[in-house]
file structure_15.txt (compact mmCIF, N, CA and C atoms)
# COMPACT_ATOMS: atom_id res chain seq x y z
N MET A 185 0.85 -1.17 0.00
CA MET A 185 0.00 0.00 0.00
C MET A 185 0.90 1.23 0.00
N LEU A 186 0.87 1.98 -1.07
CA LEU A 186 1.79 3.10 -1.24
C LEU A 186 1.48 4.30 -0.36
N LEU A 187 0.30 4.38 0.21
CA LEU A 187 -0.07 5.56 0.99
C LEU A 187 -0.36 5.22 2.45
N ALA A 188 0.18 4.12 2.97
CA ALA A 188 -0.01 3.79 4.38
C ALA A 188 0.56 4.92 5.22
N SER A 189 -0.12 5.26 6.31
CA SER A 189 0.26 6.44 7.09
C SER A 189 1.62 6.32 7.77
N ASP A 190 2.04 5.12 8.09
CA ASP A 190 3.31 4.98 8.80
C ASP A 190 4.47 4.56 7.89
N VAL A 191 4.22 4.48 6.59
CA VAL A 191 5.25 4.07 5.64
C VAL A 191 5.26 5.05 4.47
N GLN A 192 6.43 5.44 4.05
CA GLN A 192 6.54 6.28 2.86
C GLN A 192 7.15 5.45 1.75
N CYS A 193 6.33 5.13 0.76
CA CYS A 193 6.77 4.25 -0.33
C CYS A 193 6.70 4.96 -1.67
N MET A 194 7.55 4.51 -2.57
CA MET A 194 7.53 4.90 -3.96
C MET A 194 7.81 3.62 -4.74
N ALA A 195 7.29 3.54 -5.95
CA ALA A 195 7.49 2.31 -6.73
C ALA A 195 7.69 2.63 -8.20
N ILE A 196 8.49 1.78 -8.82
CA ILE A 196 8.71 1.83 -10.26
C ILE A 196 8.36 0.48 -10.84
N ARG A 197 7.57 0.50 -11.92
CA ARG A 197 7.24 -0.73 -12.64
C ARG A 197 7.98 -0.69 -13.97
N PRO A 198 9.10 -1.40 -14.07
CA PRO A 198 9.82 -1.41 -15.34
C PRO A 198 9.18 -2.35 -16.35
N ALA A 199 9.32 -2.00 -17.62
CA ALA A 199 8.89 -2.85 -18.72
C ALA A 199 9.89 -4.00 -18.84
N ILE A 200 10.01 -4.59 -20.01
CA ILE A 200 11.01 -5.64 -20.24
C ILE A 200 12.38 -4.94 -20.24
N VAL A 201 13.19 -5.28 -19.28
CA VAL A 201 14.49 -4.62 -19.11
C VAL A 201 15.53 -5.31 -19.99
N PHE A 202 16.31 -4.49 -20.69
CA PHE A 202 17.40 -5.03 -21.51
C PHE A 202 18.67 -4.25 -21.26
N GLY A 203 19.78 -4.80 -21.70
CA GLY A 203 21.08 -4.16 -21.56
C GLY A 203 21.96 -4.91 -20.58
N ARG A 204 23.25 -4.64 -20.67
CA ARG A 204 24.23 -5.28 -19.79
C ARG A 204 24.22 -6.81 -19.94
N ILE A 205 24.04 -7.28 -21.15
CA ILE A 205 24.06 -8.69 -21.56
C ILE A 205 23.16 -9.61 -20.72
N SER A 206 22.02 -9.11 -20.31
CA SER A 206 21.12 -9.93 -19.53
C SER A 206 19.68 -9.59 -19.89
N GLY A 207 18.76 -10.40 -19.40
CA GLY A 207 17.34 -10.13 -19.57
C GLY A 207 16.66 -11.09 -20.51
N PRO A 208 15.34 -10.99 -20.60
CA PRO A 208 14.56 -11.92 -21.44
C PRO A 208 14.96 -11.91 -22.91
N GLY A 209 15.29 -10.74 -23.45
CA GLY A 209 15.70 -10.68 -24.85
C GLY A 209 16.94 -11.52 -25.13
N MET A 210 17.89 -11.47 -24.21
CA MET A 210 19.11 -12.27 -24.36
C MET A 210 18.79 -13.75 -24.23
N GLN A 211 17.83 -14.07 -23.37
CA GLN A 211 17.41 -15.47 -23.24
C GLN A 211 16.78 -15.96 -24.55
N VAL A 212 15.95 -15.12 -25.17
CA VAL A 212 15.34 -15.49 -26.45
C VAL A 212 16.43 -15.68 -27.49
N MET A 213 17.43 -14.81 -27.50
CA MET A 213 18.53 -14.96 -28.46
C MET A 213 19.28 -16.26 -28.24
N ALA A 214 19.57 -16.59 -26.99
CA ALA A 214 20.30 -17.82 -26.69
C ALA A 214 19.48 -19.04 -27.09
N MET A 215 18.19 -19.04 -26.78
CA MET A 215 17.33 -20.16 -27.17
C MET A 215 17.24 -20.29 -28.69
N SER A 216 17.12 -19.16 -29.36
CA SER A 216 17.00 -19.16 -30.81
C SER A 216 18.28 -19.66 -31.46
N LYS A 217 19.39 -19.21 -30.94
CA LYS A 217 20.68 -19.65 -31.48
C LYS A 217 20.84 -21.16 -31.32
N ALA A 218 20.49 -21.67 -30.15
CA ALA A 218 20.59 -23.11 -29.88
C ALA A 218 19.64 -23.91 -30.77
N ALA A 219 18.44 -23.37 -31.04
CA ALA A 219 17.44 -24.07 -31.86
C ALA A 219 17.72 -23.92 -33.36
N GLY A 220 18.53 -22.93 -33.72
CA GLY A 220 18.80 -22.68 -35.13
C GLY A 220 17.67 -21.93 -35.83
N ARG A 221 16.77 -21.35 -35.04
CA ARG A 221 15.66 -20.59 -35.60
C ARG A 221 15.03 -19.74 -34.49
N VAL A 222 14.35 -18.68 -34.91
CA VAL A 222 13.60 -17.84 -33.97
C VAL A 222 12.16 -18.32 -34.00
N GLN A 223 11.61 -18.57 -32.82
CA GLN A 223 10.25 -19.10 -32.72
C GLN A 223 9.33 -18.09 -32.07
N GLN A 224 8.11 -18.10 -32.53
CA GLN A 224 7.09 -17.18 -32.03
C GLN A 224 5.86 -17.99 -31.67
N SER A 225 5.22 -17.63 -30.59
CA SER A 225 3.97 -18.27 -30.20
C SER A 225 2.81 -17.33 -30.52
N GLY A 226 1.88 -17.79 -31.33
CA GLY A 226 0.73 -16.96 -31.69
C GLY A 226 1.03 -16.04 -32.86
N ALA A 227 0.16 -15.04 -33.05
CA ALA A 227 0.26 -14.14 -34.20
C ALA A 227 1.40 -13.13 -34.09
N GLY A 228 1.86 -12.86 -32.88
CA GLY A 228 2.97 -11.93 -32.69
C GLY A 228 2.60 -10.47 -32.82
N GLN A 229 1.31 -10.14 -32.75
CA GLN A 229 0.89 -8.75 -32.89
C GLN A 229 0.76 -8.02 -31.56
N ASN A 230 0.95 -8.74 -30.45
CA ASN A 230 0.85 -8.08 -29.15
C ASN A 230 1.98 -7.06 -28.99
N ALA A 231 1.67 -5.95 -28.35
CA ALA A 231 2.63 -4.86 -28.17
C ALA A 231 3.51 -5.12 -26.95
N LEU A 232 4.81 -4.91 -27.12
CA LEU A 232 5.76 -5.10 -26.03
C LEU A 232 6.40 -3.76 -25.67
N SER A 233 6.67 -3.59 -24.40
CA SER A 233 7.32 -2.37 -23.90
C SER A 233 8.68 -2.74 -23.35
N PHE A 234 9.68 -1.97 -23.69
CA PHE A 234 11.04 -2.23 -23.26
C PHE A 234 11.62 -1.01 -22.55
N VAL A 235 12.69 -1.23 -21.80
CA VAL A 235 13.43 -0.13 -21.18
C VAL A 235 14.86 -0.61 -20.92
N HIS A 236 15.82 0.26 -21.15
CA HIS A 236 17.23 -0.08 -20.90
C HIS A 236 17.51 -0.01 -19.41
N VAL A 237 18.33 -0.91 -18.93
CA VAL A 237 18.64 -0.99 -17.50
C VAL A 237 19.21 0.33 -16.97
N ASP A 238 20.00 1.03 -17.76
CA ASP A 238 20.56 2.31 -17.32
C ASP A 238 19.47 3.37 -17.16
N ASP A 239 18.45 3.31 -18.02
CA ASP A 239 17.33 4.25 -17.90
C ASP A 239 16.51 3.98 -16.65
N VAL A 240 16.37 2.71 -16.29
CA VAL A 240 15.67 2.37 -15.04
C VAL A 240 16.45 2.92 -13.85
N ALA A 241 17.76 2.76 -13.87
CA ALA A 241 18.60 3.29 -12.79
C ALA A 241 18.46 4.80 -12.70
N ASP A 242 18.46 5.49 -13.84
CA ASP A 242 18.28 6.94 -13.85
C ASP A 242 16.94 7.34 -13.23
N LEU A 243 15.89 6.56 -13.54
CA LEU A 243 14.58 6.88 -13.00
C LEU A 243 14.54 6.66 -11.49
N TYR A 244 15.19 5.62 -11.00
CA TYR A 244 15.25 5.42 -9.55
C TYR A 244 15.93 6.61 -8.86
N LEU A 245 17.03 7.07 -9.43
CA LEU A 245 17.73 8.22 -8.83
C LEU A 245 16.86 9.47 -8.86
N LEU A 246 16.20 9.71 -9.98
CA LEU A 246 15.32 10.86 -10.12
C LEU A 246 14.15 10.79 -9.15
N MET A 247 13.59 9.60 -9.00
CA MET A 247 12.48 9.42 -8.08
C MET A 247 12.91 9.70 -6.64
N LEU A 248 14.05 9.17 -6.25
CA LEU A 248 14.52 9.37 -4.88
C LEU A 248 14.83 10.84 -4.60
N LYS A 249 15.26 11.56 -5.62
CA LYS A 249 15.62 12.97 -5.46
C LYS A 249 14.40 13.89 -5.49
N ASN A 250 13.41 13.61 -6.37
CA ASN A 250 12.36 14.58 -6.64
C ASN A 250 10.93 14.15 -6.36
N ALA A 251 10.68 12.87 -6.16
CA ALA A 251 9.29 12.41 -6.06
C ALA A 251 8.78 12.43 -4.63
N LYS A 252 7.47 12.45 -4.51
CA LYS A 252 6.81 12.41 -3.21
C LYS A 252 6.36 10.99 -2.91
N ALA A 253 6.20 10.70 -1.64
CA ALA A 253 5.72 9.38 -1.21
C ALA A 253 4.40 9.06 -1.89
N GLY A 254 4.23 7.80 -2.23
CA GLY A 254 2.99 7.35 -2.85
C GLY A 254 3.03 7.31 -4.36
N ILE A 255 4.13 7.76 -4.97
CA ILE A 255 4.19 7.81 -6.43
C ILE A 255 4.44 6.42 -7.00
N LEU A 256 3.83 6.17 -8.13
CA LEU A 256 4.01 4.93 -8.88
C LEU A 256 4.37 5.31 -10.31
N LEU A 257 5.54 4.88 -10.75
CA LEU A 257 6.05 5.27 -12.06
C LEU A 257 6.23 4.05 -12.95
N ASN A 258 5.90 4.20 -14.23
CA ASN A 258 6.17 3.16 -15.22
C ASN A 258 7.45 3.52 -15.96
N ALA A 259 8.40 2.62 -15.96
CA ALA A 259 9.65 2.82 -16.70
C ALA A 259 9.52 2.09 -18.03
N VAL A 260 9.05 2.79 -19.04
CA VAL A 260 8.86 2.20 -20.36
C VAL A 260 9.33 3.17 -21.43
N ALA A 261 9.93 2.62 -22.46
CA ALA A 261 10.29 3.42 -23.63
C ALA A 261 9.16 3.31 -24.64
N GLU A 262 8.94 4.34 -25.37
CA GLU A 262 7.92 4.32 -26.41
C GLU A 262 8.60 4.61 -27.74
N PRO A 263 8.15 4.12 -28.85
CA PRO A 263 6.86 3.47 -29.05
C PRO A 263 6.92 2.00 -28.66
N PHE A 264 5.74 1.42 -28.55
CA PHE A 264 5.64 -0.01 -28.26
C PHE A 264 5.94 -0.77 -29.54
N LEU A 265 6.42 -1.99 -29.38
CA LEU A 265 6.79 -2.79 -30.55
C LEU A 265 5.98 -4.08 -30.59
N PRO A 266 5.52 -4.48 -31.78
CA PRO A 266 4.84 -5.78 -31.86
C PRO A 266 5.86 -6.91 -31.64
N GLN A 267 5.41 -7.96 -30.99
CA GLN A 267 6.29 -9.09 -30.69
C GLN A 267 6.99 -9.58 -31.95
N HIS A 268 6.25 -9.68 -33.05
CA HIS A 268 6.85 -10.20 -34.28
C HIS A 268 8.03 -9.33 -34.73
N ALA A 269 7.91 -8.01 -34.60
CA ALA A 269 9.00 -7.11 -35.01
C ALA A 269 10.24 -7.34 -34.15
N VAL A 270 10.05 -7.57 -32.86
CA VAL A 270 11.18 -7.84 -31.96
C VAL A 270 11.85 -9.15 -32.37
N LEU A 271 11.04 -10.18 -32.60
CA LEU A 271 11.61 -11.47 -32.97
C LEU A 271 12.25 -11.43 -34.36
N ASN A 272 11.69 -10.63 -35.26
CA ASN A 272 12.28 -10.44 -36.58
C ASN A 272 13.67 -9.81 -36.46
N ALA A 273 13.80 -8.82 -35.59
CA ALA A 273 15.10 -8.17 -35.37
C ALA A 273 16.10 -9.16 -34.78
N ILE A 274 15.64 -9.99 -33.85
CA ILE A 274 16.52 -11.01 -33.27
C ILE A 274 16.96 -11.99 -34.36
N SER A 275 16.04 -12.37 -35.24
CA SER A 275 16.37 -13.26 -36.34
C SER A 275 17.44 -12.66 -37.25
N HIS A 276 17.31 -11.38 -37.57
CA HIS A 276 18.33 -10.70 -38.38
C HIS A 276 19.67 -10.66 -37.64
N ALA A 277 19.64 -10.34 -36.35
CA ALA A 277 20.87 -10.25 -35.57
C ALA A 277 21.61 -11.58 -35.50
N LEU A 278 20.86 -12.67 -35.52
CA LEU A 278 21.47 -14.00 -35.45
C LEU A 278 21.83 -14.57 -36.82
N GLY A 279 21.53 -13.81 -37.88
CA GLY A 279 21.87 -14.27 -39.22
C GLY A 279 20.85 -15.21 -39.84
N PHE A 280 19.61 -15.20 -39.34
CA PHE A 280 18.56 -16.07 -39.87
C PHE A 280 17.70 -15.35 -40.91
N GLY A 281 18.12 -14.16 -41.32
CA GLY A 281 17.44 -13.44 -42.39
C GLY A 281 16.06 -12.90 -42.06
N GLY A 282 15.74 -12.78 -40.81
CA GLY A 282 14.44 -12.25 -40.42
C GLY A 282 13.34 -13.29 -40.33
N LYS A 283 13.68 -14.53 -40.61
CA LYS A 283 12.67 -15.59 -40.58
C LYS A 283 12.27 -15.90 -39.14
N VAL A 284 10.95 -15.99 -38.91
CA VAL A 284 10.40 -16.32 -37.60
C VAL A 284 9.39 -17.45 -37.80
N VAL A 285 9.57 -18.53 -37.05
CA VAL A 285 8.71 -19.69 -37.16
C VAL A 285 7.66 -19.65 -36.06
N VAL A 286 6.39 -19.81 -36.44
CA VAL A 286 5.32 -19.87 -35.45
C VAL A 286 5.29 -21.29 -34.88
N LYS A 287 5.50 -21.37 -33.58
CA LYS A 287 5.53 -22.67 -32.91
C LYS A 287 4.92 -22.49 -31.53
N ASN A 288 3.77 -23.06 -31.31
CA ASN A 288 3.03 -22.82 -30.07
C ASN A 288 3.71 -23.37 -28.83
N LYS A 289 4.58 -24.33 -28.95
CA LYS A 289 5.27 -24.90 -27.78
C LYS A 289 6.43 -24.02 -27.31
N TRP A 290 6.79 -23.02 -28.11
CA TRP A 290 7.94 -22.17 -27.79
C TRP A 290 7.81 -21.52 -26.42
N ILE A 291 6.63 -21.03 -26.10
CA ILE A 291 6.45 -20.33 -24.83
C ILE A 291 6.66 -21.27 -23.65
N GLU A 292 6.31 -22.53 -23.82
CA GLU A 292 6.53 -23.52 -22.75
C GLU A 292 8.03 -23.74 -22.53
N GLN A 293 8.80 -23.78 -23.61
CA GLN A 293 10.25 -23.92 -23.47
C GLN A 293 10.84 -22.70 -22.75
N PHE A 294 10.36 -21.54 -23.11
CA PHE A 294 10.83 -20.30 -22.50
C PHE A 294 10.49 -20.27 -21.01
N GLN A 295 9.30 -20.76 -20.67
CA GLN A 295 8.89 -20.79 -19.26
C GLN A 295 9.76 -21.73 -18.44
N MET A 296 10.26 -22.79 -19.06
CA MET A 296 11.13 -23.72 -18.34
C MET A 296 12.42 -23.02 -17.91
N ILE A 297 12.89 -22.07 -18.70
CA ILE A 297 14.12 -21.35 -18.39
C ILE A 297 13.86 -20.19 -17.43
N LEU A 298 12.85 -19.37 -17.73
CA LEU A 298 12.63 -18.14 -16.96
C LEU A 298 11.49 -18.20 -15.96
N GLY A 299 10.71 -19.27 -15.95
CA GLY A 299 9.63 -19.39 -14.98
C GLY A 299 8.27 -19.16 -15.59
N LYS A 300 7.24 -19.47 -14.81
CA LYS A 300 5.85 -19.44 -15.29
C LYS A 300 5.37 -18.04 -15.66
N GLY A 301 5.93 -17.00 -15.06
CA GLY A 301 5.50 -15.64 -15.37
C GLY A 301 5.97 -15.16 -16.73
N THR A 302 6.75 -15.97 -17.43
CA THR A 302 7.32 -15.58 -18.70
C THR A 302 6.27 -15.21 -19.73
N TYR A 303 5.14 -15.91 -19.75
CA TYR A 303 4.13 -15.60 -20.75
C TYR A 303 3.66 -14.16 -20.59
N ASN A 304 3.70 -13.65 -19.38
CA ASN A 304 3.35 -12.25 -19.16
C ASN A 304 4.33 -11.33 -19.87
N ILE A 305 5.57 -11.77 -20.05
CA ILE A 305 6.58 -10.93 -20.67
C ILE A 305 6.37 -10.83 -22.17
N PHE A 306 6.26 -11.95 -22.86
CA PHE A 306 6.18 -11.92 -24.31
C PHE A 306 4.81 -12.26 -24.86
N GLY A 307 3.89 -12.76 -24.05
CA GLY A 307 2.63 -13.23 -24.56
C GLY A 307 1.48 -12.25 -24.53
N TYR A 308 1.55 -11.25 -23.69
CA TYR A 308 0.46 -10.29 -23.56
C TYR A 308 0.85 -8.93 -24.11
N THR A 309 -0.13 -8.10 -24.34
CA THR A 309 0.14 -6.73 -24.76
C THR A 309 0.50 -5.91 -23.52
N MET A 310 1.58 -5.14 -23.65
CA MET A 310 2.03 -4.28 -22.56
C MET A 310 2.08 -2.84 -23.07
N ARG A 311 1.01 -2.13 -22.85
CA ARG A 311 0.97 -0.71 -23.23
C ARG A 311 0.67 0.08 -21.98
N VAL A 312 1.69 0.65 -21.42
CA VAL A 312 1.52 1.51 -20.26
C VAL A 312 2.21 2.83 -20.55
N SER A 313 1.81 3.84 -19.88
CA SER A 313 2.32 5.18 -20.12
C SER A 313 3.47 5.53 -19.18
N ALA A 314 4.45 6.21 -19.71
CA ALA A 314 5.55 6.72 -18.91
C ALA A 314 5.33 8.20 -18.59
N ALA A 315 4.09 8.67 -18.72
CA ALA A 315 3.80 10.11 -18.54
C ALA A 315 4.21 10.62 -17.16
N SER A 316 3.95 9.86 -16.12
CA SER A 316 4.34 10.31 -14.77
C SER A 316 5.85 10.40 -14.63
N ALA A 317 6.56 9.46 -15.23
CA ALA A 317 8.02 9.47 -15.18
C ALA A 317 8.58 10.65 -15.97
N THR A 318 8.02 10.91 -17.13
CA THR A 318 8.51 12.04 -17.93
C THR A 318 8.15 13.37 -17.28
N ALA A 319 7.01 13.42 -16.62
CA ALA A 319 6.65 14.65 -15.89
C ALA A 319 7.63 14.93 -14.76
N LEU A 320 8.25 13.88 -14.24
CA LEU A 320 9.24 14.02 -13.18
C LEU A 320 10.60 14.45 -13.74
N GLY A 321 10.74 14.41 -15.08
CA GLY A 321 11.99 14.82 -15.72
C GLY A 321 12.79 13.69 -16.32
N TRP A 322 12.23 12.52 -16.41
CA TRP A 322 12.93 11.35 -16.95
C TRP A 322 13.01 11.42 -18.44
call {"tool": "encode", "arguments": {"input": "structure_15.txt", "output": "structure tokens"}}
result
Amino acid sequence: MLLASDVQCMAIRPAIVFGRISGPGMQVMAMSKAAGRVQQSGAGQNALSFVHVDDVADLYLLMLKNAKAGILLNAVAEPFLPQHAVLNAISHALGFGGKVVVKNKWIEQFQMILGKGTYNIFGYTMRVSAASATALGW
């Protein structure tokens, strides 16, 4: 509870964090490289939100310096990207020519590595606003 009378809290909800050779995107690249192909579950039209780890760190510092208790900030970069476009870029980066194979079992393999919450990362649409963070100067 961000507004409890005896606690002063602030929170940041980061999107899919990337950078510093870690994160779900790197896991997808590693799985794709091992499989010899980039796999997609479903139509791939769901919107994904990303943020660089350094930008999240900057927002934490800004929040601690300038924000008031009870604030909730979304750390997301815009524009949002369709899942297929992200996977297409990964395919190009790995030398697969942009080819993406639709394979419904792919998400289950991904969950085995990153856990059951993984479908929330790549399977659903994530469109949230960073307006509060940008109003703070981010």
call {"tool": "closest_residue", "arguments": {"input": "structure_15.txt", "among": "A:Ser233, A:Ala214, A:Val260, A:Met247", "to": "Ala314 in chain A", "atoms": "all atoms listed in the file"}}
result
A:Val260
call {"tool": "atom_distance", "arguments": {"input": "structure_15.txt", "atom1": "CA of Leu243 in chain A", "atom2": "atom N of Met215 in chain A"}}
result
29.6 Å
call {"tool": "select_by_dssp", "arguments": {"input": "structure_15.txt", "residues": "chain A", "states": "strand (DSSP E)", "output": "list in words"}}
result
Ala195, Ile196, Arg197, Pro198, Ile200, Val201, Phe202, Val222, Gln223, Gln224, Ala231, Leu232, Ser233, Phe234, Val235, His236, Leu256, Leu257, Asn258, Ala259, Ala261, Glu262, Pro263, Phe264, Leu265, Pro266, Val284, Val285 and Val286 of chain A
call {"tool": "atom_distance", "arguments": {"input": "structure_15.txt", "atom1": "CA of Pro208 in chain A", "atom2": "CA of Ala195 in chain A"}}
result
21.7 Å
call {"tool": "residues_around", "arguments": {"input": "structure_15.txt", "residues": "Leu246 in chain A", "least_positions_apart": "4", "cutoff": "8 Å", "atoms": "all atoms listed in the file", "output": "PyMOL selection string"}}
result
chain A and resi 240-242+250-251+320-322
call {"tool": "decode", "arguments": {"input": "structure_15.txt", "residues": "range 247-263 of chain A", "atoms": "N, CA, C and O atoms", "output": "PDB file, in the first residue's frame"}}
result
ATOM      1  N   MET A 247      13.590   9.603  -9.005  1.00  0.00           N
ATOM      2  CA  MET A 247      12.476   9.417  -8.083  1.00  0.00           C
ATOM      3  C   MET A 247      12.912   9.704  -6.642  1.00  0.00           C
ATOM      4  O   MET A 247      12.223  10.410  -5.914  1.00  0.00           O
ATOM      5  N   LEU A 248      14.045   9.167  -6.252  1.00  0.00           N
ATOM      6  CA  LEU A 248      14.519   9.374  -4.883  1.00  0.00           C
ATOM      7  C   LEU A 248      14.826  10.839  -4.600  1.00  0.00           C
ATOM      8  O   LEU A 248      14.645  11.319  -3.482  1.00  0.00           O
ATOM      9  N   LYS A 249      15.257  11.560  -5.623  1.00  0.00           N
ATOM     10  CA  LYS A 249      15.616  12.966  -5.460  1.00  0.00           C
ATOM     11  C   LYS A 249      14.398  13.887  -5.488  1.00  0.00           C
ATOM     12  O   LYS A 249      14.313  14.839  -4.714  1.00  0.00           O
ATOM     13  N   ASN A 250      13.411  13.608  -6.373  1.00  0.00           N
ATOM     14  CA  ASN A 250      12.361  14.583  -6.642  1.00  0.00           C
ATOM     15  C   ASN A 250      10.927  14.151  -6.361  1.00  0.00           C
ATOM     16  O   ASN A 250      10.031  14.998  -6.371  1.00  0.00           O
ATOM     17  N   ALA A 251      10.685  12.866  -6.163  1.00  0.00           N
ATOM     18  CA  ALA A 251       9.293  12.406  -6.060  1.00  0.00           C
ATOM     19  C   ALA A 251       8.782  12.428  -4.629  1.00  0.00           C
ATOM     20  O   ALA A 251       9.558  12.410  -3.672  1.00  0.00           O
ATOM     21  N   LYS A 252       7.471  12.448  -4.510  1.00  0.00           N
ATOM     22  CA  LYS A 252       6.813  12.412  -3.208  1.00  0.00           C
ATOM     23  C   LYS A 252       6.356  10.993  -2.914  1.00  0.00           C
ATOM     24  O   LYS A 252       6.119  10.194  -3.818  1.00  0.00           O
ATOM     25  N   ALA A 253       6.200  10.699  -1.636  1.00  0.00           N
ATOM     26  CA  ALA A 253       5.725   9.384  -1.210  1.00  0.00           C
ATOM     27  C   ALA A 253       4.402   9.065  -1.890  1.00  0.00           C
ATOM     28  O   ALA A 253       3.580   9.944  -2.135  1.00  0.00           O
ATOM     29  N   GLY A 254       4.229   7.797  -2.228  1.00  0.00           N
ATOM     30  CA  GLY A 254       2.992   7.347  -2.849  1.00  0.00           C
ATOM     31  C   GLY A 254       3.030   7.315  -4.357  1.00  0.00           C
ATOM     32  O   GLY A 254       2.080   6.863  -4.985  1.00  0.00           O
ATOM     33  N   ILE A 255       4.127   7.759  -4.968  1.00  0.00           N
ATOM     34  CA  ILE A 255       4.186   7.812  -6.429  1.00  0.00           C
ATOM     35  C   ILE A 255       4.437   6.421  -6.998  1.00  0.00           C
ATOM     36  O   ILE A 255       5.140   5.597  -6.411  1.00  0.00           O
ATOM     37  N   LEU A 256       3.829   6.169  -8.129  1.00  0.00           N
ATOM     38  CA  LEU A 256       4.005   4.926  -8.881  1.00  0.00           C
ATOM     39  C   LEU A 256       4.374   5.315 -10.307  1.00  0.00           C
ATOM     40  O   LEU A 256       3.620   6.022 -10.977  1.00  0.00           O
ATOM     41  N   LEU A 257       5.541   4.882 -10.746  1.00  0.00           N
ATOM     42  CA  LEU A 257       6.048   5.270 -12.061  1.00  0.00           C
ATOM     43  C   LEU A 257       6.229   4.049 -12.952  1.00  0.00           C
ATOM     44  O   LEU A 257       6.673   2.996 -12.485  1.00  0.00           O
ATOM     45  N   ASN A 258       5.904   4.197 -14.225  1.00  0.00           N
ATOM     46  CA  ASN A 258       6.171   3.160 -15.217  1.00  0.00           C
ATOM     47  C   ASN A 258       7.448   3.518 -15.960  1.00  0.00           C
ATOM     48  O   ASN A 258       7.553   4.610 -16.515  1.00  0.00           O
ATOM     49  N   ALA A 259       8.403   2.618 -15.963  1.00  0.00           N
ATOM     50  CA  ALA A 259       9.648   2.818 -16.704  1.00  0.00           C
ATOM     51  C   ALA A 259       9.520   2.085 -18.030  1.00  0.00           C
ATOM     52  O   ALA A 259       9.788   0.886 -18.128  1.00  0.00           O
ATOM     53  N   VAL A 260       9.053   2.789 -19.036  1.00  0.00           N
ATOM     54  CA  VAL A 260       8.859   2.199 -20.361  1.00  0.00           C
ATOM     55  C   VAL A 260       9.330   3.167 -21.432  1.00  0.00           C
ATOM     56  O   VAL A 260       9.174   4.371 -21.306  1.00  0.00           O
ATOM     57  N   ALA A 261       9.927   2.617 -22.464  1.00  0.00           N
ATOM     58  CA  ALA A 261      10.294   3.418 -23.630  1.00  0.00           C
ATOM     59  C   ALA A 261       9.164   3.307 -24.641  1.00  0.00           C
ATOM     60  O   ALA A 261       8.488   2.287 -24.715  1.00  0.00           O
ATOM     61  N   GLU A 262       8.942   4.338 -25.368  1.00  0.00           N
ATOM     62  CA  GLU A 262       7.920   4.320 -26.411  1.00  0.00           C
ATOM     63  C   GLU A 262       8.599   4.606 -27.741  1.00  0.00           C
ATOM     64  O   GLU A 262       9.631   5.259 -27.762  1.00  0.00           O
ATOM     65  N   PRO A 263       8.151   4.123 -28.851  1.00  0.00           N
ATOM     66  CA  PRO A 263       6.863   3.469 -29.055  1.00  0.00           C
ATOM     67  C   PRO A 263       6.916   2.000 -28.656  1.00  0.00           C
ATOM     68  O   PRO A 263       7.994   1.426 -28.485  1.00  0.00           O
TER      69      PRO A 263
END
